[in-house]
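Below is start.txt, which holds compact mmCIF, C-alpha atoms and all ligand atoms.
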```txt
# COMPACT_ATOMS: atom_id res chain seq x y z
CA MET A 1 8.21 -10.38 18.12
CA SER A 2 5.08 -10.47 15.95
CA ILE A 3 7.06 -10.13 12.72
CA ASP A 4 10.13 -12.25 12.11
CA ARG A 5 10.04 -12.61 8.32
CA TYR A 6 11.11 -10.07 5.76
CA TYR A 7 11.02 -10.02 1.98
CA THR A 8 13.49 -8.43 -0.36
CA LEU A 9 11.64 -5.63 -2.12
CA GLY A 10 11.39 -6.33 -5.84
CA LYS A 11 14.79 -7.10 -7.32
CA THR A 12 16.76 -5.30 -4.61
CA GLY A 13 18.72 -6.28 -1.53
CA LEU A 14 16.43 -4.18 0.66
CA LYS A 15 14.71 -6.30 3.30
CA VAL A 16 11.24 -5.12 4.30
CA SER A 17 8.80 -6.46 6.87
CA ARG A 18 5.63 -8.01 5.47
CA PHE A 19 3.67 -5.29 7.24
CA ALA A 20 4.57 -1.66 6.63
CA LEU A 21 3.25 1.02 8.98
CA GLY A 22 0.82 3.44 7.34
CA THR A 23 1.03 6.93 8.80
CA MET A 24 -1.75 8.75 6.98
CA THR A 25 -3.39 8.88 10.44
CA PHE A 26 -0.47 10.68 12.11
CA GLY A 27 -1.87 14.10 12.99
CA LYS A 28 -5.42 15.35 13.44
CA GLU A 29 -5.51 17.68 10.42
CA TRP A 30 -7.71 15.35 8.36
CA GLY A 31 -10.22 14.88 11.15
CA TRP A 32 -9.67 11.19 11.88
CA GLY A 33 -6.06 10.84 12.97
CA ASN A 34 -3.95 10.66 16.13
CA THR A 35 -2.36 13.15 18.45
CA LYS A 36 1.42 13.14 18.44
CA GLU A 37 1.53 11.15 21.66
CA GLU A 38 -0.80 8.44 20.33
CA ALA A 39 1.07 8.30 17.02
CA GLN A 40 4.39 7.83 18.80
CA LYS A 41 3.05 4.89 20.80
CA ILE A 42 1.83 3.21 17.61
CA PHE A 43 5.15 3.92 15.88
CA ASP A 44 7.13 2.47 18.80
CA TYR A 45 4.90 -0.59 19.11
CA TYR A 46 5.28 -1.35 15.41
CA LEU A 47 9.09 -1.12 15.51
CA ASP A 48 9.36 -3.01 18.79
CA HIS A 49 7.45 -5.93 17.27
CA GLY A 50 9.60 -6.50 14.22
CA GLY A 51 8.31 -3.89 11.73
CA ASN A 52 10.95 -1.92 9.79
CA PHE A 53 9.03 -0.31 6.91
CA VAL A 54 7.35 3.08 7.47
CA ASP A 55 5.19 4.68 4.79
CA THR A 56 4.25 8.36 4.58
CA ALA A 57 3.71 11.10 1.97
CA ASP A 58 4.43 14.81 1.68
CA LEU A 59 0.69 15.32 1.48
CA TYR A 60 -0.40 13.41 4.60
CA THR A 61 -1.99 15.63 7.22
CA GLY A 62 -0.42 18.67 5.54
CA GLY A 63 3.16 17.53 6.32
CA THR A 64 2.49 16.65 9.95
CA SER A 65 2.90 12.92 9.34
CA GLU A 66 6.43 13.47 8.00
CA GLU A 67 7.21 15.91 10.85
CA PHE A 68 6.11 13.38 13.48
CA ILE A 69 8.14 10.56 11.92
CA GLY A 70 11.21 12.82 11.74
CA ASP A 71 10.84 13.62 15.44
CA PHE A 72 10.21 10.01 16.45
CA MET A 73 13.23 8.71 14.52
CA LYS A 74 15.39 11.41 16.04
CA GLU A 75 14.23 10.57 19.54
CA ARG A 76 14.89 6.84 19.06
CA GLY A 77 18.11 7.53 17.12
CA ASN A 78 17.17 4.80 14.67
CA ARG A 79 16.88 6.43 11.25
CA ASP A 80 19.14 3.86 9.59
CA GLU A 81 17.16 0.92 10.96
CA ILE A 82 14.03 2.10 9.18
CA VAL A 83 13.09 1.58 5.55
CA LEU A 84 11.39 4.90 4.95
CA SER A 85 9.07 5.58 2.04
CA THR A 86 7.48 8.88 1.17
CA LYS A 87 5.69 10.23 -1.88
CA PHE A 88 5.33 13.23 -4.17
CA THR A 89 2.80 14.44 -6.78
CA PHE A 90 -0.08 16.23 -5.05
CA ASN A 91 0.14 20.00 -4.93
CA THR A 92 1.79 20.99 -1.66
CA SER A 93 2.92 24.49 -2.62
CA LYS A 94 1.85 27.42 -0.47
CA ASN A 95 -0.05 29.26 -3.20
CA ASN A 96 -1.29 26.28 -5.19
CA ASP A 97 1.34 27.10 -7.79
CA VAL A 98 0.82 25.45 -11.16
CA ASN A 99 4.24 23.79 -10.83
CA GLY A 100 3.76 23.01 -7.13
CA GLY A 101 2.28 19.60 -7.90
CA GLY A 102 2.88 16.88 -10.47
CA ASN A 103 5.75 14.69 -11.51
CA SER A 104 7.94 17.22 -13.31
CA ARG A 105 11.64 17.45 -12.52
CA LYS A 106 11.00 20.86 -10.96
CA ASN A 107 8.36 19.61 -8.57
CA ILE A 108 10.08 16.33 -7.68
CA ARG A 109 13.23 18.17 -6.66
CA ARG A 110 11.31 20.85 -4.71
CA THR A 111 9.11 18.46 -2.81
CA LEU A 112 11.94 16.01 -2.03
CA GLU A 113 13.91 18.78 -0.30
CA GLU A 114 10.84 19.66 1.78
CA SER A 115 10.23 16.02 2.75
CA LEU A 116 13.87 15.57 3.77
CA LYS A 117 13.60 18.64 6.00
CA ARG A 118 10.39 17.47 7.70
CA LEU A 119 11.72 13.93 8.09
CA LYS A 120 15.06 15.24 9.41
CA THR A 121 17.06 12.89 7.25
CA ASP A 122 19.27 13.17 4.18
CA TYR A 123 17.91 10.20 2.23
CA ILE A 124 14.69 8.35 1.44
CA ASP A 125 14.81 4.58 1.06
CA LEU A 126 11.85 4.33 -1.30
CA TYR A 127 10.63 7.43 -3.13
CA ILE A 128 7.17 6.96 -4.59
CA LEU A 129 5.34 8.75 -7.36
CA HIS A 130 1.90 9.13 -5.75
CA CYS A 131 -0.33 9.52 -8.80
CA TRP A 132 -0.07 9.81 -12.59
CA ASP A 133 -0.37 13.53 -13.49
CA GLN A 134 -1.37 12.87 -17.12
CA LEU A 135 1.22 15.43 -18.26
CA THR A 136 4.82 14.60 -17.45
CA PRO A 137 6.57 12.34 -19.95
CA VAL A 138 7.71 9.14 -18.30
CA GLU A 139 11.20 9.85 -19.69
CA GLU A 140 11.44 12.98 -17.49
CA VAL A 141 10.20 11.14 -14.42
CA MET A 142 12.58 8.21 -14.73
CA ARG A 143 15.60 10.35 -15.61
CA THR A 144 14.95 12.63 -12.62
CA LEU A 145 14.47 9.73 -10.19
CA ASN A 146 17.58 8.00 -11.52
CA ASP A 147 19.60 11.20 -11.01
CA LEU A 148 18.39 11.35 -7.40
CA VAL A 149 19.50 7.75 -6.87
CA THR A 150 22.92 8.64 -8.29
CA GLU A 151 23.10 11.62 -5.93
CA GLY A 152 22.28 9.34 -2.98
CA LYS A 153 19.17 11.30 -2.02
CA ILE A 154 16.87 8.38 -2.70
CA HIS A 155 17.74 4.69 -2.82
CA HIS A 156 14.84 3.02 -4.59
CA ILE A 157 11.81 3.98 -6.68
CA GLY A 158 8.11 3.20 -6.36
CA PHE A 159 4.99 4.06 -8.38
CA SER A 160 1.48 4.38 -6.96
CA ASN A 161 -1.87 4.89 -8.69
CA VAL A 162 -0.72 4.96 -12.31
CA PRO A 163 -2.01 3.11 -15.36
CA ALA A 164 -0.19 -0.16 -15.88
CA TRP A 165 0.86 0.87 -19.40
CA TYR A 166 2.67 3.90 -17.95
CA ALA A 167 4.43 1.82 -15.30
CA SER A 168 5.36 -0.78 -17.87
CA ARG A 169 6.86 1.89 -20.12
CA ALA A 170 8.84 3.25 -17.15
CA GLN A 171 10.26 -0.22 -16.47
CA ALA A 172 11.19 -0.65 -20.14
CA LEU A 173 13.02 2.69 -20.12
CA ALA A 174 14.87 1.73 -16.96
CA GLU A 175 15.92 -1.54 -18.53
CA ALA A 176 17.03 0.07 -21.78
CA HIS A 177 19.00 2.91 -20.14
CA ASN A 178 20.24 1.11 -17.06
CA TYR A 179 18.23 3.42 -14.79
CA GLU A 180 17.16 2.37 -11.31
CA PRO A 181 13.97 0.37 -11.96
CA ILE A 182 10.71 0.56 -10.04
CA SER A 183 10.94 -1.82 -7.07
CA ALA A 184 7.44 -1.38 -5.68
CA PHE A 185 3.94 -0.66 -6.91
CA GLN A 186 1.88 0.86 -4.11
CA LEU A 187 -1.75 0.04 -4.86
CA GLU A 188 -5.07 -0.46 -3.14
CA TYR A 189 -5.60 -4.16 -2.53
CA SER A 190 -8.08 -5.88 -0.26
CA MET A 191 -10.99 -8.24 -0.52
CA ILE A 192 -13.22 -5.32 -1.48
CA GLN A 193 -10.75 -3.86 -4.01
CA ARG A 194 -9.22 -6.48 -6.30
CA GLU A 195 -8.96 -4.57 -9.56
CA ILE A 196 -5.15 -4.70 -9.53
CA GLU A 197 -5.42 -8.40 -10.26
CA ASN A 198 -6.19 -7.42 -13.87
CA GLU A 199 -2.74 -6.05 -14.61
CA TYR A 200 -0.47 -5.32 -11.69
CA ILE A 201 0.19 -8.75 -10.23
CA ASP A 202 1.54 -9.90 -13.60
CA LEU A 203 3.35 -6.62 -14.26
CA GLY A 204 5.06 -6.82 -10.87
CA GLN A 205 6.10 -10.42 -11.39
CA TYR A 206 7.27 -9.79 -14.95
CA THR A 207 9.31 -6.71 -14.05
CA ASN A 208 10.45 -7.65 -10.53
CA ALA A 209 8.48 -5.10 -8.51
CA GLY A 210 6.67 -6.07 -5.31
CA ILE A 211 3.18 -4.87 -4.46
CA MET A 212 2.78 -2.63 -1.41
CA ALA A 213 -0.92 -2.98 -0.62
CA TRP A 214 -2.74 0.07 0.74
CA SER A 215 -6.11 0.14 2.52
CA PRO A 216 -6.07 -3.61 3.18
CA LEU A 217 -9.13 -3.16 5.44
CA GLY A 218 -10.97 -0.93 3.00
CA GLY A 219 -10.50 1.95 5.46
CA GLY A 220 -11.93 -0.16 8.32
CA LEU A 221 -14.89 -1.83 6.60
CA LEU A 222 -13.24 -5.25 6.87
CA SER A 223 -12.74 -4.91 10.62
CA GLY A 224 -16.39 -5.93 10.97
CA LYS A 225 -17.48 -2.95 13.03
CA TYR A 226 -19.70 -1.50 10.31
CA LYS A 227 -23.08 -2.94 9.39
CA PRO A 228 -25.02 -2.37 6.13
CA GLY A 229 -25.99 1.31 5.77
CA ILE A 230 -22.85 3.01 7.02
CA ASP A 231 -24.58 6.37 7.38
CA ASP A 232 -26.78 5.24 10.26
CA GLN A 233 -24.08 3.98 12.61
CA ASP A 234 -23.89 6.58 15.29
CA ASP A 235 -22.49 4.10 17.81
CA VAL A 236 -19.52 3.06 15.65
CA GLU A 237 -16.25 4.86 16.10
CA GLY A 238 -14.34 4.97 12.87
CA ARG A 239 -13.11 6.93 9.93
CA LEU A 240 -15.67 5.66 7.42
CA LYS A 241 -18.51 7.10 9.44
CA HIS A 242 -16.66 10.37 9.68
CA ILE A 243 -15.91 10.51 5.98
CA THR A 244 -19.55 9.79 5.18
CA ASP A 245 -20.64 12.69 7.34
CA ASN A 246 -18.43 14.89 5.23
CA GLY A 247 -19.81 13.60 1.96
CA GLY A 248 -16.69 11.58 1.13
CA GLU A 249 -15.97 8.47 -0.88
CA VAL A 250 -17.47 6.01 1.47
CA SER A 251 -20.93 5.60 0.05
CA SER A 252 -19.26 3.64 -2.75
CA LYS A 253 -18.36 1.01 -0.15
CA ASP A 254 -21.95 0.56 1.02
CA ASN A 255 -23.02 -2.07 -1.51
CA GLU A 256 -24.24 -5.66 -1.62
CA ARG A 257 -20.94 -7.17 -2.80
CA ASN A 258 -19.06 -5.63 0.11
CA TRP A 259 -21.56 -6.76 2.73
CA ASN A 260 -21.39 -10.31 1.32
CA ILE A 261 -17.63 -10.15 1.73
CA VAL A 262 -18.00 -8.91 5.31
CA LYS A 263 -20.39 -11.81 6.01
CA ALA A 264 -17.97 -14.45 4.63
CA LEU A 265 -15.12 -12.84 6.51
CA HIS A 266 -17.14 -12.98 9.72
CA GLU A 267 -17.82 -16.70 9.21
CA VAL A 268 -14.16 -17.47 8.52
CA SER A 269 -13.02 -15.44 11.50
CA GLU A 270 -15.41 -17.39 13.77
CA GLU A 271 -14.24 -20.68 12.35
CA ILE A 272 -10.53 -20.05 12.97
CA ASN A 273 -11.05 -17.88 16.02
CA GLN A 274 -9.18 -14.86 14.75
CA PRO A 275 -10.36 -11.23 14.55
CA MET A 276 -11.92 -10.22 11.23
CA ALA A 277 -9.31 -7.50 10.69
CA SER A 278 -6.51 -10.04 11.12
CA VAL A 279 -8.06 -12.46 8.64
CA ALA A 280 -8.48 -9.65 6.09
CA LEU A 281 -4.84 -8.53 6.50
CA ASN A 282 -3.63 -12.12 6.25
CA TRP A 283 -5.64 -12.59 3.04
CA THR A 284 -3.93 -9.64 1.33
CA ALA A 285 -0.45 -10.47 2.67
CA ASN A 286 -0.61 -13.96 1.18
CA LYS A 287 -1.67 -12.97 -2.30
CA ASN A 288 0.69 -13.35 -5.25
CA ASN A 289 3.46 -10.80 -5.49
CA VAL A 290 2.49 -8.88 -2.35
CA ALA A 291 5.74 -7.68 -0.79
CA SER A 292 4.27 -5.74 2.11
CA VAL A 293 0.84 -4.75 3.39
CA ILE A 294 0.52 -1.22 4.76
CA ILE A 295 -1.40 -1.42 8.00
CA GLY A 296 -3.12 1.59 9.48
CA ALA A 297 -4.23 2.08 13.06
CA THR A 298 -5.82 4.86 15.02
CA LYS A 299 -5.75 3.04 18.35
CA MET A 300 -3.18 0.99 20.26
CA SER A 301 -5.60 -1.95 20.47
CA GLN A 302 -5.77 -1.97 16.65
CA ILE A 303 -2.00 -2.07 16.07
CA GLU A 304 -1.61 -4.69 18.81
CA GLY A 305 -4.16 -6.95 17.11
CA ASN A 306 -3.12 -6.24 13.54
CA MET A 307 0.56 -7.03 14.17
CA LYS A 308 -0.45 -10.61 15.04
CA ALA A 309 -2.23 -11.14 11.73
CA LEU A 310 0.60 -13.17 10.22
CA ASP A 311 0.83 -15.55 13.16
CA PHE A 312 -1.67 -18.01 11.66
CA ASP A 313 -2.51 -19.59 8.31
CA ILE A 314 -5.94 -19.46 6.73
CA PRO A 315 -6.76 -23.04 5.63
CA ALA A 316 -6.98 -23.42 1.84
CA GLU A 317 -10.72 -24.12 1.79
CA LEU A 318 -11.44 -20.97 3.82
CA MET A 319 -9.11 -18.93 1.65
CA LYS A 320 -11.19 -20.14 -1.29
CA LYS A 321 -14.37 -19.14 0.50
CA LEU A 322 -12.98 -15.60 0.85
CA ASP A 323 -11.78 -15.57 -2.76
CA ASP A 324 -15.21 -16.68 -3.98
CA ALA A 325 -17.08 -14.14 -1.86
CA SER A 326 -14.86 -11.33 -3.11
CA GLU A 327 -14.78 -12.35 -6.75
CA ARG A 328 -15.33 -9.36 -8.99
CA GLU A 329 -16.93 -8.92 -12.36
CA ILE A 330 -14.36 -9.43 -15.10
CA LYS A 331 -14.75 -6.80 -17.80
CA TYR A 332 -13.44 -6.48 -21.34
CA PRO A 333 -10.65 -7.00 -22.44
CA TYR A 334 -9.86 -9.17 -19.42
CA THR A 335 -12.69 -11.53 -20.42
CA PHE A 336 -10.32 -12.68 -23.18
CA PHE A 337 -7.71 -13.83 -20.65
CA GLN A 338 -10.02 -16.15 -18.74
CA PRO A 339 -9.62 -19.96 -19.00
CA GLU A 340 -12.64 -20.44 -21.32
CA MET A 341 -11.26 -18.10 -23.97
CA GLN A 342 -7.64 -19.14 -23.46
CA SER A 343 -8.51 -22.79 -23.95
CA ARG A 344 -9.59 -21.81 -27.47
CA ILE A 345 -6.01 -20.67 -28.05
CA THR A 346 -3.96 -23.31 -26.24
CA PRO A 347 -6.09 -26.32 -25.35
CA ASN A 348 -5.50 -28.29 -22.17
CA VAL A 349 -2.82 -26.01 -20.82
CA LYS A 350 -3.05 -24.64 -17.31
CA THR A 351 -1.42 -21.27 -16.80
CA GLY A 352 -0.85 -19.85 -13.39
CA HIS A 353 1.05 -17.41 -11.31
CA LYS A 354 4.35 -18.17 -9.74
CA PRO A 355 3.72 -19.31 -6.19
CA PRO A 356 3.31 -16.51 -3.67
CA ASN A 357 6.32 -15.53 -1.61
CA TYR A 358 8.77 -16.22 -4.37
CA TRP A 359 11.04 -13.42 -3.18
CA LYS A 360 13.98 -14.20 -1.07
CA ASP A 361 12.37 -14.88 2.26
CA VAL A 362 14.55 -13.68 5.12
CA ARG A 363 13.86 -14.99 8.61
CA VAL A 364 15.35 -13.84 11.86
CA GLY A 365 15.30 -15.38 15.30
N1 LIG B 401 -0.65 5.39 -2.16
C1 LIG B 401 -1.87 5.76 -1.87
O1 LIG B 401 -2.56 6.40 -2.67
C2 LIG B 401 -2.42 5.46 -0.52
C3 LIG B 401 -3.79 5.69 -0.26
C4 LIG B 401 -4.28 5.38 0.99
C5 LIG B 401 -3.43 4.86 1.96
N2 LIG B 401 -2.10 4.67 1.70
C6 LIG B 401 -1.18 4.15 2.74
O2 LIG B 401 -1.74 2.98 3.30
C7 LIG B 401 -1.88 3.12 4.70
C8 LIG B 401 -3.04 2.33 5.19
O3 LIG B 401 -4.24 2.79 4.57
P1 LIG B 401 -5.59 2.75 5.37
O4 LIG B 401 -5.44 3.49 6.65
O5 LIG B 401 -6.67 3.17 4.44
O6 LIG B 401 -5.67 1.18 5.69
P2 LIG B 401 -6.87 0.26 6.18
O7 LIG B 401 -6.21 -0.91 6.83
O8 LIG B 401 -7.80 -0.02 5.09
O9 LIG B 401 -7.64 1.12 7.27
C9 LIG B 401 -7.04 1.40 8.50
C10 LIG B 401 -8.09 1.96 9.45
O10 LIG B 401 -9.03 0.91 9.76
C11 LIG B 401 -9.39 1.00 11.15
N3 LIG B 401 -8.84 -0.20 11.81
C12 LIG B 401 -7.59 -0.72 11.67
N4 LIG B 401 -7.45 -1.85 12.39
C13 LIG B 401 -8.62 -2.05 13.01
C14 LIG B 401 -9.07 -3.04 13.91
N5 LIG B 401 -8.28 -4.05 14.29
N6 LIG B 401 -10.34 -2.95 14.37
C15 LIG B 401 -11.16 -1.93 13.98
N7 LIG B 401 -10.77 -0.94 13.14
C16 LIG B 401 -9.51 -0.99 12.64
C17 LIG B 401 -8.70 2.28 11.68
O11 LIG B 401 -9.53 3.40 11.40
P3 LIG B 401 -10.73 3.88 12.38
O12 LIG B 401 -10.27 3.70 13.78
O13 LIG B 401 -10.97 5.29 11.97
O14 LIG B 401 -11.87 2.99 12.04
C18 LIG B 401 -7.50 2.39 10.77
O15 LIG B 401 -6.98 3.70 10.70
C19 LIG B 401 -1.96 4.64 4.92
O16 LIG B 401 -1.62 5.05 6.21
C20 LIG B 401 -0.96 5.12 3.90
O17 LIG B 401 0.36 4.98 4.40
C21 LIG B 401 -1.60 4.95 0.47
```

With the file now loaded, output its structure as structure tokens.
Amino acid sequence: MSIDRYYTLGKTGLKVSRFALGTMTFGKEWGWGNTKEEAQKIFDYYLDHGGNFVDTADLYTGGTSEEFIGDFMKERGNRDEIVLSTKFTFNTSKNNDVNGGGNSRKNIRRTLEESLKRLKTDYIDLYILHCWDQLTPVEEVMRTLNDLVTEGKIHHIGFSNVPAWYASRAQALAEAHNYEPISAFQLEYSMIQREIENEYIDLGQYTNAGIMAWSPLGGGLLSGKYKPGIDDQDDVEGRLKHITDNGGEVSSKDNERNWNIVKALHEVSEEINQPMASVALNWTANKNNVASVIIGATKMSQIEGNMKALDFDIPAELMKKLDDASEREIKYPYTFFQPEMQSRITPNVKTGHKPPNYWKDVRVG
């Protein structure tokens, strides 16, 4: 088995594999995903090699991702062996109804019922708020999610893409009212996207929520197949090229910092004789407070390689090389929390994170 270690998710007894399976690519509706047959092979390979944590969303490929997973679980008869996470927030109503999106009680309850139907199950292990809607009071969100836990429809709660102050307030409410707390923050985290280091690593450690890292390869950029100037790469097969053609987000990835990261990653991968994608996944998985990294794959060869990315250690000096290459500009107010400024408050004191992997580490085999 490629994966034989599991972490407890946040302060729960739920054991999750250090790689979760991302299923945003299940279905061809978004232009860069898999057929059902290909998706099933990837799903089976992941589970057969020790993975137990499957991530989807009501929104993905217009519901097809959830449909596929429901069918695959039914066929394998293994629903209870899977830690299943899905998400709500984006508008999935037929007529773009004003209440058909968002984090209101009305929408959470509507969309959960639809997800359960597509997934052919009667409970979700980890139900995740997908994005802050800027409207719903956190009191309504937490009360609704806690009710669903009490009803047995969901077991645990996650938040994705919200301001840290909002998540922190949600955790404080949970503590004060004995609600089910947030066990996971699902956030983008890779060498090219390290902004969560400003707030979320500390917030997760302080409030016992693990990070689920999404887009650990920056959508494929860290696999090494792209070269500077993504637009011109007709010979490369990959989502980033496709998204660029459609005027998507990717031009923001085509910058000097990112290509320097790709160069350092290439050098490290040569030195330890591991694929670039594996080194990039290993980097994210071994960062402080990362509970699970969500890996995505559009091809069998990708999942086969990526599942081996925890089979080696990156030596400390090479980890530092990657850290240095991917260092980001620290902006206000975070400039005040850097060692130079802090030493003007408490001289000669070194502060640091708890060591990585401080969760209960569960090994099998
Ligand atoms: N909460 C959120 O807002 C949010 C947002 C985004 C994603 N997610 C979750 O995170 C999951 C992963 O996100 P992601 O797909 O963006 O992750 P990613 O790891 O950054 O990108 C995965 C993509 O990179 C390419 N790739 C993967 N392994 C490769 C390899 N070994 N060699 C070459 N190319 C490789 C494949 O695309 P190509 O073949 O097309 O190049 C693959 O689909 C999603 O499925 C979803 O579950 C959550």

How would you write as a count of residues only the residues that get within 12 Å of (8.3, 15.7, -8.6) in the file's frame, counting all atoms listed in the file?
44

For ligand LIG 401 (chain B), list the contacting residues at 6 Å or closer, counting only C-alpha atoms and all ligand atoms, as a ChimeraX atom specification.
/A:22-25,55-56,130,160,186,214-220,223,238-239,277,294-298,302,305-306

For A:Val16, please output as a ChimeraX atom specification all residues within 6 Å (counting only C-alpha atoms; exclusion window: fewer than 4 positions along the same chain).
/A:6-7,53

The residues within 12 Å of (-15.1, -10.2, -11.2), using all atoms listed in the file and the coordinates of the file, should be reported as a list in words; which are they?
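Residues with an atom at most 12 Å from (-15.1, -10.2, -11.2): Met191, Ile192, Gln193, Arg194, Glu195, Ile196, Glu197, Asn198, Arg257, Asp323, Asp324, Ala325, Ser326, Glu327, Arg328, Glu329, Ile330, Lys331, Tyr332, Tyr334, Thr335 and Gln338 of chain A.
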
Here is a test: counting all atoms listed in the file, which residue of A:Asn78, A:Asn178, A:Thr284, A:Asn273 is nearest to A:Asp44?
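When distances to A:Asp44 are compared using all atoms listed in the file, the smallest one comes from A:Asn78.
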
Which residue is closest to A:Met276? Choose from A:Lys321, A:Lys120, A:His156, A:Lys225 and count all atoms listed in the file.
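Smallest distance to A:Met276 is found for A:Lys225.
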
If you count all atoms listed in the file, which residues fall within 12 Å of A:Lys299, apart from same-chain ones fewer than 6 positions away, as a PDB file with C-alpha atoms, in the frame of the given file?
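Output (out_10.pdb):
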```
ATOM      1  CA  THR A  25      -3.390   8.880  10.440  1.00  0.00           C
ATOM      2  CA  PHE A  26      -0.470  10.680  12.110  1.00  0.00           C
ATOM      3  CA  TRP A  32      -9.670  11.190  11.880  1.00  0.00           C
ATOM      4  CA  GLY A  33      -6.060  10.840  12.970  1.00  0.00           C
ATOM      5  CA  ASN A  34      -3.950  10.660  16.130  1.00  0.00           C
ATOM      6  CA  THR A  35      -2.360  13.150  18.450  1.00  0.00           C
ATOM      7  CA  GLU A  37       1.530  11.150  21.660  1.00  0.00           C
ATOM      8  CA  GLU A  38      -0.800   8.440  20.330  1.00  0.00           C
ATOM      9  CA  ALA A  39       1.070   8.300  17.020  1.00  0.00           C
ATOM     10  CA  GLN A  40       4.390   7.830  18.800  1.00  0.00           C
ATOM     11  CA  LYS A  41       3.050   4.890  20.800  1.00  0.00           C
ATOM     12  CA  ILE A  42       1.830   3.210  17.610  1.00  0.00           C
ATOM     13  CA  PHE A  43       5.150   3.920  15.880  1.00  0.00           C
ATOM     14  CA  TYR A  45       4.900  -0.590  19.110  1.00  0.00           C
ATOM     15  CA  GLU A 237     -16.250   4.860  16.100  1.00  0.00           C
ATOM     16  CA  GLY A 238     -14.340   4.970  12.870  1.00  0.00           C
ATOM     17  CA  ARG A 239     -13.110   6.930   9.930  1.00  0.00           C
ATOM     18  CA  GLY A 305      -4.160  -6.950  17.110  1.00  0.00           C
ATOM     19  CA  ASN A 306      -3.120  -6.240  13.540  1.00  0.00           C
TER      20      ASN A 306
END
```

Please determine, counting only C-alpha atoms, which residue among A:Gln233, A:Lys263, A:Glu199, A:Glu29 has the shortest atom-to-atom distance to A:Pro333.
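Looking at the shortest contact to A:Pro333, the residue is A:Glu199.
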
Could you write out as AutoDock Vina command-line options the box around stretch 143-155 of chain A (axis-aligned, all atoms listed in the file, 8 Å on each side), with centre and edge lengths in Å to one decimal?
```
--center_x 18.8 --center_y 8.7 --center_z -8.8 --size_x 24.6 --size_y 23.9 --size_z 29.6
```

So what do you get for atom CA of A:Gly63 versus atom CA of A:Arg118, distance-wise?
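Here the two named atoms are 7.4 Å from each other.
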
Of the listed residues A:Lys74, A:Lys241, A:Lys36, A:His49, that which approaches A:Ile303 most closely, counting only C-alpha atoms
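The closest residue to A:Ile303 is A:His49.
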
Given only C-alpha atoms as the counted atoms, nearest of A:Ala209, A:Ile345, A:Met300, A:Val262 to A:Leu9
A:Ala209

What is the distance between atom CA of A:Val293 and atom CA of A:Asn52, in Å to one decimal?
12.3 Å

Interatomic distance between atom CA of A:Asp80 and atom CA of A:Phe19?
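If I compute the distance from atom CA of A:Asp80 to atom CA of A:Phe19, I get 18.1 Å.
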
Nearest to A:Tyr123, chosen from A:Gly204, A:Gly51, A:Pro347, A:Gly152, with all atoms listed in the file counted in the distances:
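Checking each of A:Gly204, A:Gly51, A:Pro347, A:Gly152 against A:Tyr123, counting all atoms listed in the file, the winner is A:Gly152.
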
List the spatial neighbours of A:Ser269 as a PDB file with C-alpha atoms, in the frame of the given file - criterion: any atom at most 12 Å away, all atoms listed in the file, same-chain residues fewer than 4 positions off excluded.
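Output contents, as saved in part_18.pdb:
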```pdb
ATOM      1  CA  LEU A 222     -13.240  -5.250   6.870  1.00  0.00           C
ATOM      2  CA  SER A 223     -12.740  -4.910  10.620  1.00  0.00           C
ATOM      3  CA  GLY A 224     -16.390  -5.930  10.970  1.00  0.00           C
ATOM      4  CA  VAL A 262     -18.000  -8.910   5.310  1.00  0.00           C
ATOM      5  CA  LYS A 263     -20.390 -11.810   6.010  1.00  0.00           C
ATOM      6  CA  ALA A 264     -17.970 -14.450   4.630  1.00  0.00           C
ATOM      7  CA  LEU A 265     -15.120 -12.840   6.510  1.00  0.00           C
ATOM      8  CA  ASN A 273     -11.050 -17.880  16.020  1.00  0.00           C
ATOM      9  CA  GLN A 274      -9.180 -14.860  14.750  1.00  0.00           C
ATOM     10  CA  PRO A 275     -10.360 -11.230  14.550  1.00  0.00           C
ATOM     11  CA  MET A 276     -11.920 -10.220  11.230  1.00  0.00           C
ATOM     12  CA  ALA A 277      -9.310  -7.500  10.690  1.00  0.00           C
ATOM     13  CA  SER A 278      -6.510 -10.040  11.120  1.00  0.00           C
ATOM     14  CA  VAL A 279      -8.060 -12.460   8.640  1.00  0.00           C
ATOM     15  CA  ALA A 280      -8.480  -9.650   6.090  1.00  0.00           C
ATOM     16  CA  LEU A 281      -4.840  -8.530   6.500  1.00  0.00           C
ATOM     17  CA  ASN A 282      -3.630 -12.120   6.250  1.00  0.00           C
ATOM     18  CA  TRP A 283      -5.640 -12.590   3.040  1.00  0.00           C
ATOM     19  CA  ALA A 309      -2.230 -11.140  11.730  1.00  0.00           C
ATOM     20  CA  PHE A 312      -1.670 -18.010  11.660  1.00  0.00           C
ATOM     21  CA  ASP A 313      -2.510 -19.590   8.310  1.00  0.00           C
ATOM     22  CA  ILE A 314      -5.940 -19.460   6.730  1.00  0.00           C
ATOM     23  CA  PRO A 315      -6.760 -23.040   5.630  1.00  0.00           C
ATOM     24  CA  LEU A 318     -11.440 -20.970   3.820  1.00  0.00           C
ATOM     25  CA  MET A 319      -9.110 -18.930   1.650  1.00  0.00           C
ATOM     26  CA  LYS A 321     -14.370 -19.140   0.500  1.00  0.00           C
ATOM     27  CA  LEU A 322     -12.980 -15.600   0.850  1.00  0.00           C
TER      28      LEU A 322
END
```

Using all atoms listed in the file, which residues sit within 9 Å of A:Gly70 once same-chain residues fewer than 4 positions away are excluded, as a ChimeraX atom specification?
/A:65-66,74-75,79,116-121
